[in-house]
file final_12.cif (mmCIF, C-alpha atoms)
data_run
loop_
_atom_site.label_atom_id
_atom_site.label_comp_id
_atom_site.auth_asym_id
_atom_site.auth_seq_id
_atom_site.Cartn_x
_atom_site.Cartn_y
_atom_site.Cartn_z
CA MET P 1 -14.62 20.91 7.76
CA LYS P 2 -16.89 23.24 5.87
CA SER P 3 -15.82 23.99 2.33
CA ILE P 4 -14.73 27.61 2.90
CA LEU P 5 -12.77 26.76 6.06
CA LYS P 6 -11.16 23.83 4.26
CA LYS P 7 -9.93 26.07 1.43
CA ILE P 8 -8.54 28.67 3.84
CA VAL P 9 -6.71 26.08 5.95
CA LEU P 10 -5.30 24.28 2.89
CA LYS P 11 -4.01 27.53 1.38
CA LYS P 12 -2.25 28.54 4.59
CA LEU P 13 -0.77 25.05 5.00
CA GLU P 14 0.45 25.17 1.42
CA ILE P 15 2.18 28.53 1.89
CA LEU P 16 3.91 27.40 5.08
CA ALA P 17 4.95 24.06 3.53
CA ARG P 18 6.53 25.76 0.50
CA ILE P 19 8.57 28.03 2.77
CA LYS P 20 9.54 25.13 5.03
CA LEU P 21 10.72 23.05 2.08
CA ARG P 22 12.95 25.86 0.84
CA ARG P 23 14.43 26.32 4.30
CA MET P 24 15.16 22.60 4.72
CA ASN P 25 16.80 22.37 1.28
CA ALA P 26 16.52 18.56 1.25
CA LYS P 27 16.32 16.28 -1.77
CA VAL P 28 12.68 15.29 -2.40
CA ILE P 29 11.73 11.75 -3.45
CA GLY P 30 8.15 11.40 -4.73
CA VAL P 31 6.47 7.98 -4.62
CA THR P 32 3.15 7.16 -6.28
CA GLY P 33 1.39 4.20 -7.88
CA SER P 34 -1.83 2.21 -7.61
CA VAL P 35 -0.41 -0.31 -5.13
CA GLY P 36 2.53 -0.52 -2.76
CA LYS P 37 3.15 3.22 -2.28
CA THR P 38 3.34 3.13 1.51
CA THR P 39 5.51 0.03 1.53
CA CYS P 40 7.88 1.59 -1.01
CA LYS P 41 8.10 4.83 0.97
CA ASP P 42 8.74 3.01 4.24
CA ALA P 43 11.37 0.68 2.75
CA MET P 44 13.12 3.61 1.10
CA TYR P 45 13.14 5.42 4.43
CA ASP P 46 14.77 2.43 6.14
CA VAL P 47 17.46 2.15 3.45
CA LEU P 48 18.38 5.84 3.30
CA SER P 49 18.27 6.18 7.09
CA LYS P 50 21.28 3.90 7.28
CA LYS P 51 23.37 6.86 6.13
CA TYR P 52 21.26 10.02 5.95
CA ARG P 53 18.75 12.16 7.85
CA VAL P 54 15.34 11.36 6.35
CA LEU P 55 11.75 12.59 6.75
CA LYS P 56 8.73 10.66 5.42
CA ASN P 57 4.92 10.85 5.52
CA LYS P 58 3.39 9.55 8.70
CA LYS P 59 0.93 6.74 8.07
CA SER P 60 -0.65 7.54 4.68
CA PHE P 61 -0.52 11.33 4.83
CA ASN P 62 -0.27 11.48 1.05
CA SER P 63 -3.04 13.89 -0.04
CA GLU P 64 -3.37 17.63 -0.59
CA PHE P 65 -3.58 17.99 3.19
CA GLY P 66 -1.25 15.12 4.04
CA LEU P 67 1.82 16.46 2.23
CA PRO P 68 1.92 19.90 3.87
CA LEU P 69 1.15 18.35 7.26
CA THR P 70 4.11 16.00 6.77
CA ILE P 71 6.44 18.83 5.78
CA LEU P 72 5.29 20.89 8.77
CA HIS P 73 5.49 17.93 11.19
CA GLN P 74 1.80 18.22 12.13
CA ASP P 75 -1.15 15.85 12.64
CA SER P 76 -4.62 16.24 11.15
CA GLY P 77 -7.25 18.38 12.82
CA PHE P 78 -10.03 16.26 11.29
CA GLY P 79 -13.30 18.25 11.58
CA SER P 80 -12.30 20.60 14.40
CA ALA P 81 -11.79 24.28 13.49
CA LYS P 82 -10.11 24.79 16.86
CA ASP P 83 -7.61 22.01 16.20
CA TRP P 84 -6.83 23.35 12.73
CA ALA P 85 -6.13 26.78 14.22
CA LYS P 86 -3.63 25.18 16.59
CA ILE P 87 -2.04 23.25 13.72
CA LEU P 88 -1.60 26.42 11.65
CA TRP P 89 0.05 28.17 14.59
CA LYS P 90 2.35 25.22 15.29
CA GLY P 91 3.13 25.00 11.57
CA PHE P 92 4.05 28.70 11.54
CA VAL P 93 6.38 28.24 14.51
CA ARG P 94 7.91 25.14 12.97
CA THR P 95 8.49 26.93 9.67
CA PHE P 96 10.24 30.03 10.97
CA PHE P 97 11.71 29.09 14.33
CA VAL P 98 12.72 25.39 14.12
CA ASP P 99 15.77 24.44 12.07
CA ASP P 100 14.87 20.94 10.87
CA LYS P 101 17.79 19.34 9.07
CA TYR P 102 17.15 16.54 6.57
CA ASP P 103 19.06 15.19 3.60
CA TYR P 104 15.99 13.55 2.04
CA ILE P 105 12.23 13.97 2.27
CA ILE P 106 10.29 10.94 0.98
CA LEU P 107 6.75 11.91 0.06
CA GLU P 108 4.12 9.36 -0.83
CA MET P 109 1.80 11.10 -3.30
CA GLY P 110 -1.72 9.72 -3.51
CA VAL P 111 -4.06 10.74 -6.30
CA ASP P 112 -7.69 9.69 -6.75
CA LYS P 113 -8.86 12.09 -9.47
CA PRO P 114 -7.42 14.06 -12.41
CA GLY P 115 -5.46 17.14 -11.34
CA ASP P 116 -4.33 15.82 -7.96
CA MET P 117 -0.75 15.19 -9.08
CA ASP P 118 -0.45 18.70 -10.50
CA PHE P 119 -1.03 20.15 -7.04
CA LEU P 120 1.22 17.68 -5.20
CA THR P 121 4.21 18.11 -7.52
CA SER P 122 3.79 21.88 -7.60
CA LEU P 123 3.97 21.86 -3.80
CA ALA P 124 6.92 19.47 -3.61
CA LYS P 125 8.84 19.12 -6.88
CA PRO P 126 10.54 15.70 -6.74
CA ASN P 127 14.25 15.29 -7.44
CA ILE P 128 13.66 11.53 -7.75
CA ALA P 129 10.30 10.06 -8.83
CA VAL P 130 8.89 6.53 -8.53
CA VAL P 131 5.68 4.97 -9.84
CA THR P 132 5.40 1.51 -8.25
CA ALA P 133 2.78 0.08 -10.63
CA ILE P 134 -0.46 1.01 -12.39
CA LYS P 135 -3.57 -1.00 -11.51
CA SER P 136 -7.34 -0.52 -11.54
CA ALA P 137 -8.38 1.71 -8.63
CA HIS P 138 -10.22 4.97 -7.94
CA LEU P 139 -12.70 4.37 -10.75
CA ASP P 140 -15.77 5.69 -8.97
CA GLU P 141 -17.77 8.58 -10.34
CA SER P 142 -15.77 11.86 -9.99
CA GLN P 143 -12.54 9.87 -9.93
CA PHE P 144 -10.86 8.28 -13.00
CA LYS P 145 -12.79 7.01 -16.00
CA ASP P 146 -10.37 4.17 -16.82
CA ILE P 147 -6.88 2.80 -16.15
CA ASN P 148 -5.34 4.87 -18.93
CA GLU P 149 -6.45 8.05 -17.18
CA ILE P 150 -4.95 6.71 -13.95
CA PHE P 151 -1.64 6.18 -15.73
CA LYS P 152 -1.75 9.62 -17.31
CA GLU P 153 -2.24 11.31 -13.95
CA LYS P 154 0.24 9.30 -11.91
CA SER P 155 2.97 9.51 -14.56
CA LYS P 156 2.92 13.31 -14.23
CA ILE P 157 5.25 12.80 -11.29
CA TYR P 158 8.00 12.08 -13.82
CA GLU P 159 7.60 15.39 -15.67
CA LYS P 160 9.41 17.57 -13.14
CA ALA P 161 11.79 14.98 -11.68
CA GLN P 162 15.53 15.03 -12.24
CA LEU P 163 15.71 11.23 -12.06
CA CYS P 164 12.89 8.76 -12.85
CA LEU P 165 12.89 5.20 -11.50
CA ILE P 166 10.87 3.08 -13.92
CA ASN P 167 9.35 -0.35 -13.30
CA GLN P 168 10.01 -2.37 -16.45
CA ASP P 169 7.63 -5.15 -15.40
CA ASP P 170 4.54 -2.94 -15.41
CA GLN P 171 2.85 -2.70 -18.79
CA TYR P 172 2.15 1.02 -18.33
CA THR P 173 5.26 2.41 -16.66
CA SER P 174 7.49 0.40 -18.99
CA THR P 175 6.30 2.60 -21.87
CA ILE P 176 7.89 5.68 -20.29
CA GLN P 177 10.93 6.81 -22.27
CA LYS P 178 13.11 9.39 -20.53
CA ASP P 179 16.83 10.10 -20.75
CA ASP P 180 17.06 10.85 -17.05
CA SER P 181 15.84 7.42 -15.91
CA CYS P 182 16.94 4.23 -14.22
CA THR P 183 15.00 0.99 -14.79
CA TYR P 184 14.40 -2.06 -12.62
CA GLY P 185 12.47 -5.35 -12.85
CA GLU P 186 12.79 -8.90 -14.12
CA LYS P 187 13.34 -7.90 -17.74
CA ASN P 188 16.84 -8.63 -19.04
CA HIS P 189 17.38 -5.05 -20.20
CA ALA P 190 16.55 -3.48 -16.82
CA ASP P 191 19.42 -1.56 -15.21
CA TYR P 192 18.72 -3.36 -11.91
CA ARG P 193 17.40 -6.84 -12.63
CA ILE P 194 15.52 -9.18 -10.27
CA ALA P 195 16.61 -12.84 -10.55
CA ASN P 196 16.23 -16.15 -8.71
CA PHE P 197 13.07 -15.22 -6.81
CA LYS P 198 11.99 -17.70 -4.11
CA GLN P 199 9.04 -17.71 -1.68
CA THR P 200 9.28 -19.54 1.67
CA GLU P 201 7.21 -19.46 4.85
CA GLU P 202 9.85 -17.14 6.30
CA GLY P 203 9.68 -14.60 3.49
CA ILE P 204 10.97 -13.83 0.00
CA GLU P 205 14.49 -14.20 -1.39
CA PHE P 206 15.80 -12.70 -4.62
CA ASP P 207 18.94 -11.43 -6.30
CA VAL P 208 19.49 -7.98 -7.76
CA GLN P 209 21.90 -7.84 -10.68
CA ASN P 210 23.60 -4.67 -11.94
CA ASN P 211 26.66 -4.14 -14.17
CA GLY P 212 27.83 -7.72 -13.79
CA ASN P 213 27.40 -7.77 -10.02
CA SER P 214 24.79 -9.77 -8.11
CA TYR P 215 23.46 -9.03 -4.61
CA GLN P 216 21.23 -11.35 -2.57
CA PHE P 217 18.26 -9.94 -0.65
CA TYR P 218 15.81 -11.35 1.87
CA ALA P 219 12.62 -9.79 3.27
CA SER P 220 9.99 -11.02 5.72
CA LEU P 221 7.21 -10.44 3.19
CA PHE P 222 4.92 -12.80 1.33
CA GLY P 223 4.23 -12.56 -2.38
CA GLU P 224 6.40 -11.76 -5.39
CA TYR P 225 4.49 -8.54 -6.02
CA TRP P 226 6.24 -6.90 -3.05
CA THR P 227 9.36 -6.60 -5.18
CA GLU P 228 7.58 -3.76 -7.01
CA SER P 229 7.77 -1.82 -3.74
CA LEU P 230 11.17 -2.97 -2.51
CA MET P 231 13.12 -2.50 -5.72
CA PRO P 232 12.86 1.32 -5.84
CA ALA P 233 14.20 1.43 -2.27
CA ILE P 234 17.11 -0.83 -3.21
CA VAL P 235 17.87 1.15 -6.36
CA VAL P 236 17.77 4.48 -4.52
CA GLY P 237 20.15 3.03 -1.96
CA PHE P 238 22.67 2.14 -4.67
CA LEU P 239 22.26 5.44 -6.51
CA GLU P 240 22.61 7.54 -3.37
CA ASN P 241 25.73 5.67 -2.20
CA VAL P 242 24.35 3.75 0.75
CA GLY P 243 26.64 0.79 1.46
CA VAL P 244 25.62 -2.57 -0.01
CA ASN P 245 25.62 -4.28 3.39
CA ASP P 246 23.45 -1.50 4.81
CA ILE P 247 20.93 -1.85 1.97
CA VAL P 248 20.75 -5.63 2.44
CA GLU P 249 20.35 -5.20 6.19
CA ALA P 250 17.62 -2.55 5.85
CA ILE P 251 15.58 -4.79 3.54
CA SER P 252 16.01 -7.85 5.78
CA GLU P 253 14.85 -5.83 8.81
CA PHE P 254 11.94 -4.18 7.02
CA LYS P 255 8.51 -4.74 8.53
CA LEU P 256 5.18 -3.96 6.88
CA PRO P 257 2.62 -1.71 8.53
CA PRO P 258 -0.43 -3.58 9.90
CA GLY P 259 -2.92 -5.09 7.49
CA ARG P 260 -0.54 -5.64 4.56
CA LEU P 261 -0.44 -9.45 4.51
CA SER P 262 0.87 -9.84 8.06
CA LEU P 263 0.97 -13.25 9.75
CA ILE P 264 -1.17 -13.40 12.90
CA GLU P 265 -1.85 -16.37 15.18
CA GLY P 266 -5.51 -17.32 15.20
CA ILE P 267 -7.67 -19.44 17.50
CA LYS P 268 -7.70 -23.22 16.97
CA GLU P 269 -4.10 -23.06 15.73
CA SER P 270 -5.18 -21.20 12.61
CA LEU P 271 -2.89 -18.83 10.74
CA ILE P 272 -4.35 -15.51 9.58
CA LEU P 273 -2.87 -13.78 6.55
CA ASP P 274 -4.08 -10.30 7.46
CA SER P 275 -4.39 -8.09 4.39
CA SER P 276 -7.32 -6.09 5.72
CA TYR P 277 -5.88 -2.63 4.98
CA ASN P 278 -7.23 -2.39 1.43
CA ALA P 279 -7.85 -4.34 -1.77
CA SER P 280 -7.54 -4.00 -5.52
CA PRO P 281 -8.09 -6.74 -8.14
CA GLU P 282 -4.40 -7.41 -8.83
CA ALA P 283 -3.46 -7.37 -5.15
CA VAL P 284 -6.23 -9.89 -4.37
CA LYS P 285 -5.00 -12.24 -7.09
CA GLU P 286 -1.44 -12.08 -5.79
CA SER P 287 -2.57 -12.62 -2.19
CA LEU P 288 -4.49 -15.73 -3.24
CA LYS P 289 -1.23 -17.23 -4.49
CA VAL P 290 0.27 -16.74 -1.04
CA LEU P 291 -2.78 -18.39 0.56
CA ASP P 292 -2.32 -21.33 -1.80
CA SER P 293 1.37 -21.61 -0.98
CA PHE P 294 0.80 -21.73 2.79
CA GLY P 295 -2.16 -24.09 2.48
CA LYS P 296 -0.27 -26.60 0.36
CA SER P 297 2.96 -26.46 2.37
CA ARG P 298 1.06 -27.15 5.60
CA ASP P 299 -1.60 -29.38 4.02
CA LYS P 300 -4.39 -27.34 5.63
CA ARG P 301 -7.69 -25.89 4.46
CA ARG P 302 -7.37 -22.62 2.54
CA VAL P 303 -10.01 -20.08 3.63
CA PHE P 304 -10.57 -16.74 1.89
CA ILE P 305 -12.46 -13.91 3.60
CA PHE P 306 -13.12 -11.59 0.66
CA GLY P 307 -14.45 -8.06 1.23
CA ASN P 308 -15.69 -5.58 -1.35
CA MET P 309 -13.05 -4.00 -3.56
CA ASN P 310 -14.17 -0.37 -3.46
CA GLU P 311 -13.75 2.56 -5.85
CA LEU P 312 -14.06 0.47 -9.02
CA GLY P 313 -17.06 2.40 -10.32
CA LYS P 314 -18.75 0.99 -13.40
CA TYR P 315 -16.10 -1.74 -13.59
CA SER P 316 -16.93 -3.16 -10.16
CA LYS P 317 -19.11 -6.08 -11.29
CA GLU P 318 -16.67 -7.05 -14.03
CA MET P 319 -13.62 -6.92 -11.77
CA HIS P 320 -15.22 -8.81 -8.91
CA GLU P 321 -16.21 -11.50 -11.39
CA GLU P 322 -12.68 -11.56 -12.82
CA VAL P 323 -11.19 -12.14 -9.38
CA GLY P 324 -13.91 -14.66 -8.55
CA ALA P 325 -12.93 -16.75 -11.55
CA GLU P 326 -9.45 -17.20 -10.02
CA ILE P 327 -10.62 -18.14 -6.52
CA PRO P 328 -11.32 -21.88 -7.10
CA LYS P 329 -7.64 -22.44 -7.99
CA TYR P 330 -6.41 -21.24 -4.61
CA CYS P 331 -9.21 -21.58 -2.07
CA ASP P 332 -11.30 -24.30 -0.35
CA LEU P 333 -13.77 -22.08 1.52
CA LEU P 334 -14.95 -18.61 0.50
CA LEU P 335 -16.74 -16.13 2.78
CA THR P 336 -17.60 -12.72 1.32
CA VAL P 337 -18.42 -9.44 3.07
CA GLY P 338 -20.30 -6.70 1.22
CA GLU P 339 -22.55 -6.28 -1.79
CA ASP P 340 -20.50 -6.15 -5.00
CA VAL P 341 -18.25 -8.97 -3.84
CA ARG P 342 -21.26 -11.26 -4.28
CA TYR P 343 -20.47 -11.04 -7.99
CA GLY P 344 -17.13 -12.61 -7.14
CA ALA P 345 -18.85 -15.37 -5.18
CA SER P 346 -21.15 -16.16 -8.12
CA SER P 347 -18.18 -16.19 -10.49
CA ALA P 348 -16.26 -18.56 -8.20
CA ASN P 349 -19.25 -20.91 -8.21
CA LYS P 350 -19.54 -20.65 -11.99
CA HIS P 351 -15.86 -21.54 -12.38
CA GLY P 352 -16.00 -24.72 -10.35
CA MET P 353 -16.29 -23.92 -6.65
CA ASP P 354 -19.09 -25.85 -4.94
CA SER P 355 -21.88 -23.63 -3.59
CA SER P 356 -21.63 -25.39 -0.22
CA THR P 357 -18.20 -23.83 0.25
CA ILE P 358 -19.37 -20.27 -0.48
CA LYS P 359 -21.18 -18.02 2.00
CA SER P 360 -21.93 -14.28 1.84
CA PHE P 361 -22.45 -11.80 4.70
CA PRO P 362 -23.34 -8.10 5.00
CA SER P 363 -20.74 -7.42 7.71
CA ALA P 364 -17.36 -8.59 9.01
CA LYS P 365 -18.85 -9.26 12.44
CA GLU P 366 -21.46 -11.67 11.06
CA ALA P 367 -18.86 -13.42 8.91
CA ALA P 368 -16.66 -13.95 11.98
CA GLN P 369 -19.53 -15.34 14.03
CA TYR P 370 -20.33 -17.88 11.31
CA TYR P 371 -16.73 -18.86 10.65
CA LYS P 372 -16.02 -19.55 14.34
CA GLU P 373 -18.70 -22.24 14.21
CA ILE P 374 -17.29 -24.10 11.21
CA MET P 375 -13.54 -23.49 11.33
CA ASN P 376 -11.04 -26.35 11.34
CA PHE P 377 -7.89 -26.62 13.42
CA GLY P 378 -4.95 -25.22 11.49
CA ASP P 379 -6.95 -23.35 8.83
CA ILE P 380 -4.96 -20.89 6.71
CA VAL P 381 -7.13 -17.76 6.50
CA LEU P 382 -6.57 -14.95 4.03
CA VAL P 383 -8.47 -11.77 4.96
CA LYS P 384 -8.56 -9.11 2.24
CA GLY P 385 -10.94 -6.28 1.40
CA SER P 386 -11.23 -2.53 1.06
CA GLN P 387 -11.58 -0.32 4.12
CA ASN P 388 -14.70 1.83 3.73
CA LYS P 389 -17.86 0.02 4.87
CA VAL P 390 -15.96 -3.29 4.95
CA ARG P 391 -13.42 -3.05 7.79
CA LEU P 392 -12.21 -6.66 7.79
CA GLU P 393 -9.86 -5.93 10.70
CA ILE P 394 -13.01 -6.53 12.76
CA PHE P 395 -13.04 -10.11 11.46
CA VAL P 396 -9.34 -10.55 12.22
CA LYS P 397 -9.70 -9.29 15.77
CA ALA P 398 -12.54 -11.75 16.42
CA LEU P 399 -10.31 -14.66 15.34
CA MET P 400 -7.01 -13.60 16.93
CA LYS P 401 -5.45 -15.89 19.50
CA HIS P 402 -4.25 -12.79 21.33
CA PRO P 403 -6.85 -10.04 20.76
CA GLU P 404 -5.15 -7.95 23.44
CA LYS P 405 -2.48 -7.25 20.80
CA ALA P 406 -4.99 -5.73 18.36
CA LYS P 407 -3.74 -2.15 18.78
CA GLU P 408 -0.24 -3.30 17.95
CA LEU P 409 -1.03 -5.71 15.10
CA LEU P 410 -4.18 -4.47 13.35
CA VAL P 411 -4.94 -1.56 11.09
CA ARG P 412 -7.44 1.23 11.97
CA GLN P 413 -7.34 0.86 15.76
CA GLY P 414 -7.25 4.60 16.54
CA GLU P 415 -10.06 6.34 18.41
CA ASN P 416 -11.44 8.04 15.29
CA TRP P 417 -11.83 4.73 13.46
CA GLN P 418 -13.32 2.98 16.45
CA THR P 419 -16.18 5.47 16.59
CA ILE P 420 -17.18 4.80 12.97
CA ASN P 421 -19.83 2.14 12.43
CA PRO P 422 -18.91 0.31 9.17
#

call {"tool": "encode", "arguments": {"input": "final_12.cif", "output": "C-alpha cells"}}
result
Amino acid sequence: MKSILKKIVLKKLEILARIKLRRMNAKVIGVTGSVGKTTCKDAMYDVLSKKYRVLKNKKSFNSEFGLPLTILHQDSGFGSAKDWAKILWKGFVRTFFVDDKYDYIILEMGVDKPGDMDFLTSLAKPNIAVVTAIKSAHLDESQFKDINEIFKEKSKIYEKAQLCLINQDDQYTSTIQKDDSCTYGEKNHADYRIANFKQTEEGIEFDVQNNGNSYQFYASLFGEYWTESLMPAIVVGFLENVGVNDIVEAISEFKLPPGRLSLIEGIKESLILDSSYNASPEAVKESLKVLDSFGKSRDKRRVFIFGNMNELGKYSKEMHEEVGAEIPKYCDLLLTVGEDVRYGASSANKHGMDSSTIKSFPSAKEAAQYYKEIMNFGDIVLVKGSQNKVRLEIFVKALMKHPEKAKELLVRQGENWQTINP
C-alpha cells in the first residue's frame, strides 16, 4: 500500500477496533516477548477455552494492522486498495451490527522498533500482561539499538495492566518490581515454580508448585525453553479459575503451529526437527540441545541446517559467531544457508569442528540438493533459520517422506508466500 492509503486505512481500522472492543467488554490479555509469543498466546487460548469464550490473533496478526484486524475479525488486504475497502466495510458491519460475545481477548503484541508498544497498548489496554522473555532480535537499522532498548519497549505492556505475569528466570523481566504481579519460573521464590523437568522423545514433563501444592504437566514439545511460553498459560488458568484437570488436559493436547520444532518424517528414515519458522541466537542454542538429545538417544548422526538469523543489525557477525562456537558440542554435520551465517560456520570450525563436515550454500534449494547426495539412513536433522530470504521450509519439503502433506505440516505454504522468490 502507498503511504497515504496505509495511514488512512490504519486510522479507520483503529477507530472501528476501539469501538468494537468497548462493545465486546471482554478482558484483554496482552502477550509480548522476543521469543515464544505465538506459542504462549495459543496455549493460553487452549487453557481458557476449556471454560470461557475466547478470541485470539489469527496466525501472527500482532502488529499495528494485525491487532485491529483481529478485533474486527478480518483478514489482511495486503497491497490491494480494493480489498482494503472491502475489509473496512466488513469491519464497520461487524462493529455495529454483530454482537460478538467473548470473555477474554488474547492479543499477541509484536514490536520491532521504539514506540510500537505505545500504539498497541493504547488501542487495547491489557487487563493481564505477559512478557515471555527478552532476547536479541530486531536489531537492524531503524529498529532497536540494543537489548536494553528492546526490554524497555516490551516492558511498557506492564505499565497499563491490572495484573503482570513476570518470568523470574529471565534476567530482564525478573528485574520488574510491581505490586500487582504474579511470578513464575524455576526460582524458589516464584509464586508458581517449575520443578522436576524431564525431556523425552515424546515431549516434556514438569511439575508446577504453588502454595504447597504440586501439579504434573506434560506437553508434546521439545526443549526446556518452551516452559517460558507454557507457564503464563498455566498461571492464567489457575488465576482465572479454570479447573486443574482442564488446565492439565489443555497443555497435554497443545500442538505447536508449523515450523516451531515439529517432528517430521524424512526420506531414508531420517527425522526432521523442523524449526524453520524463525531463528534468534538463544532459540538456536536451545534447539541444538534437542538435536543432541535425539541424536544420542538414537545413536544417529546429528545434522544441523543453519540459516541466517536476521534482524541482528551490527551485532549479526558477533552473534552468529557466538552460536557457531556452540555447534561442535551438539552437531556432526553443519550446512549453512545465507551470508552472515558463514560467520557461524567459521566459528564452528575454529572451535573444533572439522572443515570437511561444514558446507555453506546461498539457498535452501541448493543445500537440499547437496544433502540428499550425502545423507545417511536415520539422520537426525535440525532445520532452523529466519524467514526472510532464507525460507528453510523449502529444504524441509525437499526432504519430507510425504511432501504431499506440506500444506498441513510446513510454515509459509499460502499463495502469497509461494509467489515470493527467496

call {"tool": "resolve_selection", "arguments": {"input": "final_12.cif", "expression": "the PyMOL selection byres ((chain P and resi 290) around 12)", "output": "PDB file with C-alpha atoms, keeping the file's coordinate frame"}}
result
ATOM      1  CA  GLN P 199       9.040 -17.710  -1.680  1.00  0.00           C
ATOM      2  CA  THR P 200       9.280 -19.540   1.670  1.00  0.00           C
ATOM      3  CA  GLU P 201       7.210 -19.460   4.850  1.00  0.00           C
ATOM      4  CA  GLY P 203       9.680 -14.600   3.490  1.00  0.00           C
ATOM      5  CA  ILE P 204      10.970 -13.830   0.000  1.00  0.00           C
ATOM      6  CA  LEU P 221       7.210 -10.440   3.190  1.00  0.00           C
ATOM      7  CA  PHE P 222       4.920 -12.800   1.330  1.00  0.00           C
ATOM      8  CA  GLY P 223       4.230 -12.560  -2.380  1.00  0.00           C
ATOM      9  CA  GLU P 224       6.400 -11.760  -5.390  1.00  0.00           C
ATOM     10  CA  TYR P 225       4.490  -8.540  -6.020  1.00  0.00           C
ATOM     11  CA  TRP P 226       6.240  -6.900  -3.050  1.00  0.00           C
ATOM     12  CA  LEU P 261      -0.440  -9.450   4.510  1.00  0.00           C
ATOM     13  CA  SER P 262       0.870  -9.840   8.060  1.00  0.00           C
ATOM     14  CA  LEU P 263       0.970 -13.250   9.750  1.00  0.00           C
ATOM     15  CA  ILE P 272      -4.350 -15.510   9.580  1.00  0.00           C
ATOM     16  CA  LEU P 273      -2.870 -13.780   6.550  1.00  0.00           C
ATOM     17  CA  ASP P 274      -4.080 -10.300   7.460  1.00  0.00           C
ATOM     18  CA  SER P 275      -4.390  -8.090   4.390  1.00  0.00           C
ATOM     19  CA  ALA P 283      -3.460  -7.370  -5.150  1.00  0.00           C
ATOM     20  CA  VAL P 284      -6.230  -9.890  -4.370  1.00  0.00           C
ATOM     21  CA  LYS P 285      -5.000 -12.240  -7.090  1.00  0.00           C
ATOM     22  CA  GLU P 286      -1.440 -12.080  -5.790  1.00  0.00           C
ATOM     23  CA  SER P 287      -2.570 -12.620  -2.190  1.00  0.00           C
ATOM     24  CA  LEU P 288      -4.490 -15.730  -3.240  1.00  0.00           C
ATOM     25  CA  LYS P 289      -1.230 -17.230  -4.490  1.00  0.00           C
ATOM     26  CA  LEU P 291      -2.780 -18.390   0.560  1.00  0.00           C
ATOM     27  CA  ASP P 292      -2.320 -21.330  -1.800  1.00  0.00           C
ATOM     28  CA  SER P 293       1.370 -21.610  -0.980  1.00  0.00           C
ATOM     29  CA  PHE P 294       0.800 -21.730   2.790  1.00  0.00           C
ATOM     30  CA  GLY P 295      -2.160 -24.090   2.480  1.00  0.00           C
ATOM     31  CA  LYS P 296      -0.270 -26.600   0.360  1.00  0.00           C
ATOM     32  CA  SER P 297       2.960 -26.460   2.370  1.00  0.00           C
ATOM     33  CA  ARG P 302      -7.370 -22.620   2.540  1.00  0.00           C
ATOM     34  CA  VAL P 303     -10.010 -20.080   3.630  1.00  0.00           C
ATOM     35  CA  PHE P 304     -10.570 -16.740   1.890  1.00  0.00           C
ATOM     36  CA  LYS P 329      -7.640 -22.440  -7.990  1.00  0.00           C
ATOM     37  CA  TYR P 330      -6.410 -21.240  -4.610  1.00  0.00           C
ATOM     38  CA  CYS P 331      -9.210 -21.580  -2.070  1.00  0.00           C
ATOM     39  CA  ILE P 380      -4.960 -20.890   6.710  1.00  0.00           C
ATOM     40  CA  VAL P 381      -7.130 -17.760   6.500  1.00  0.00           C
ATOM     41  CA  LEU P 382      -6.570 -14.950   4.030  1.00  0.00           C
ATOM     42  CA  VAL P 383      -8.470 -11.770   4.960  1.00  0.00           C
TER      43      VAL P 383
END

call {"tool": "closest_residue", "arguments": {"input": "final_12.cif", "among": "P:Ser356, P:Asn167, P:Gln177, P:Gln413", "to": "Ile194 (chain P)", "atoms": "only C-alpha atoms"}}
result
P:Asn167

call {"tool": "closest_atom_pairs", "arguments": {"input": "final_12.cif", "of": "region 45-141 of chain P", "to": "region 227-242 of chain P", "cutoff": "8 Å", "atoms": "only C-alpha atoms", "output": "tab-separated table"}}
result
residue	atom	partner	partner_atom	distance
P:Tyr45	CA	P:Ala233	CA	7.9
P:Val47	CA	P:Gly237	CA	6.1
P:Leu48	CA	P:Gly237	CA	6.2
P:Lys50	CA	P:Val242	CA	7.2
P:Lys51	CA	P:Val242	CA	6.3
P:Val130	CA	P:Pro232	CA	7.1
P:Thr132	CA	P:Glu228	CA	5.8
P:Ala133	CA	P:Glu228	CA	7.1

call {"tool": "closest_residue", "arguments": {"input": "final_12.cif", "among": "P:Arg94, P:His138, P:Lys7, P:Lys41", "to": "Leu21 (chain P)", "atoms": "all atoms listed in the file"}}
result
P:Arg94

call {"tool": "closest_residue", "arguments": {"input": "final_12.cif", "among": "P:Asp169, P:Asp100, P:Glu269, P:Glu141", "to": "His73 (chain P)", "atoms": "only C-alpha atoms"}}
result
P:Asp100

call {"tool": "closest_residue", "arguments": {"input": "final_12.cif", "among": "P:Met44, P:Val111, P:Ile358, P:Leu409", "to": "Leu334 (chain P)", "atoms": "only C-alpha atoms"}}
result
P:Ile358

call {"tool": "residues_around", "arguments": {"input": "final_12.cif", "residues": "Gln418 (chain P)", "least_positions_apart": "3", "cutoff": "12 Å", "atoms": "all atoms listed in the file", "output": "short mmCIF file (atom, residue, chain, number, x, y, z; two decimals) with C-alpha atoms, keeping the file's coordinate frame"}}
result
data_model
loop_
_atom_site.label_atom_id
_atom_site.label_comp_id
_atom_site.auth_asym_id
_atom_site.auth_seq_id
_atom_site.Cartn_x
_atom_site.Cartn_y
_atom_site.Cartn_z
CA ARG P 391 -13.42 -3.05 7.79
CA GLU P 393 -9.86 -5.93 10.70
CA ILE P 394 -13.01 -6.53 12.76
CA LYS P 407 -3.74 -2.15 18.78
CA VAL P 411 -4.94 -1.56 11.09
CA ARG P 412 -7.44 1.23 11.97
CA GLN P 413 -7.34 0.86 15.76
CA GLY P 414 -7.25 4.60 16.54
CA GLU P 415 -10.06 6.34 18.41
CA ASN P 421 -19.83 2.14 12.43
CA PRO P 422 -18.91 0.31 9.17
#

call {"tool": "atom_distance", "arguments": {"input": "final_12.cif", "atom1": "CA of Glu108 (chain P)", "atom2": "CA of Asn62 (chain P)"}}
result
5.2 Å

call {"tool": "residues_around", "arguments": {"input": "final_12.cif", "residues": "Lys20 (chain P)", "least_positions_apart": "6", "cutoff": "12 Å", "atoms": "only C-alpha atoms", "output": "PyMOL selection string"}}
result
chain P and resi 13-14+26+67-73+91-102+105+123-124

call {"tool": "resolve_selection", "arguments": {"input": "final_12.cif", "expression": "the PyMOL selection byres ((chain P and resi 366) around 12)", "output": "NGL selection string"}}
result
:P and (305 or 335-338 or 359-365 or 367-373 or 390 or 392 or 394-395 or 398)
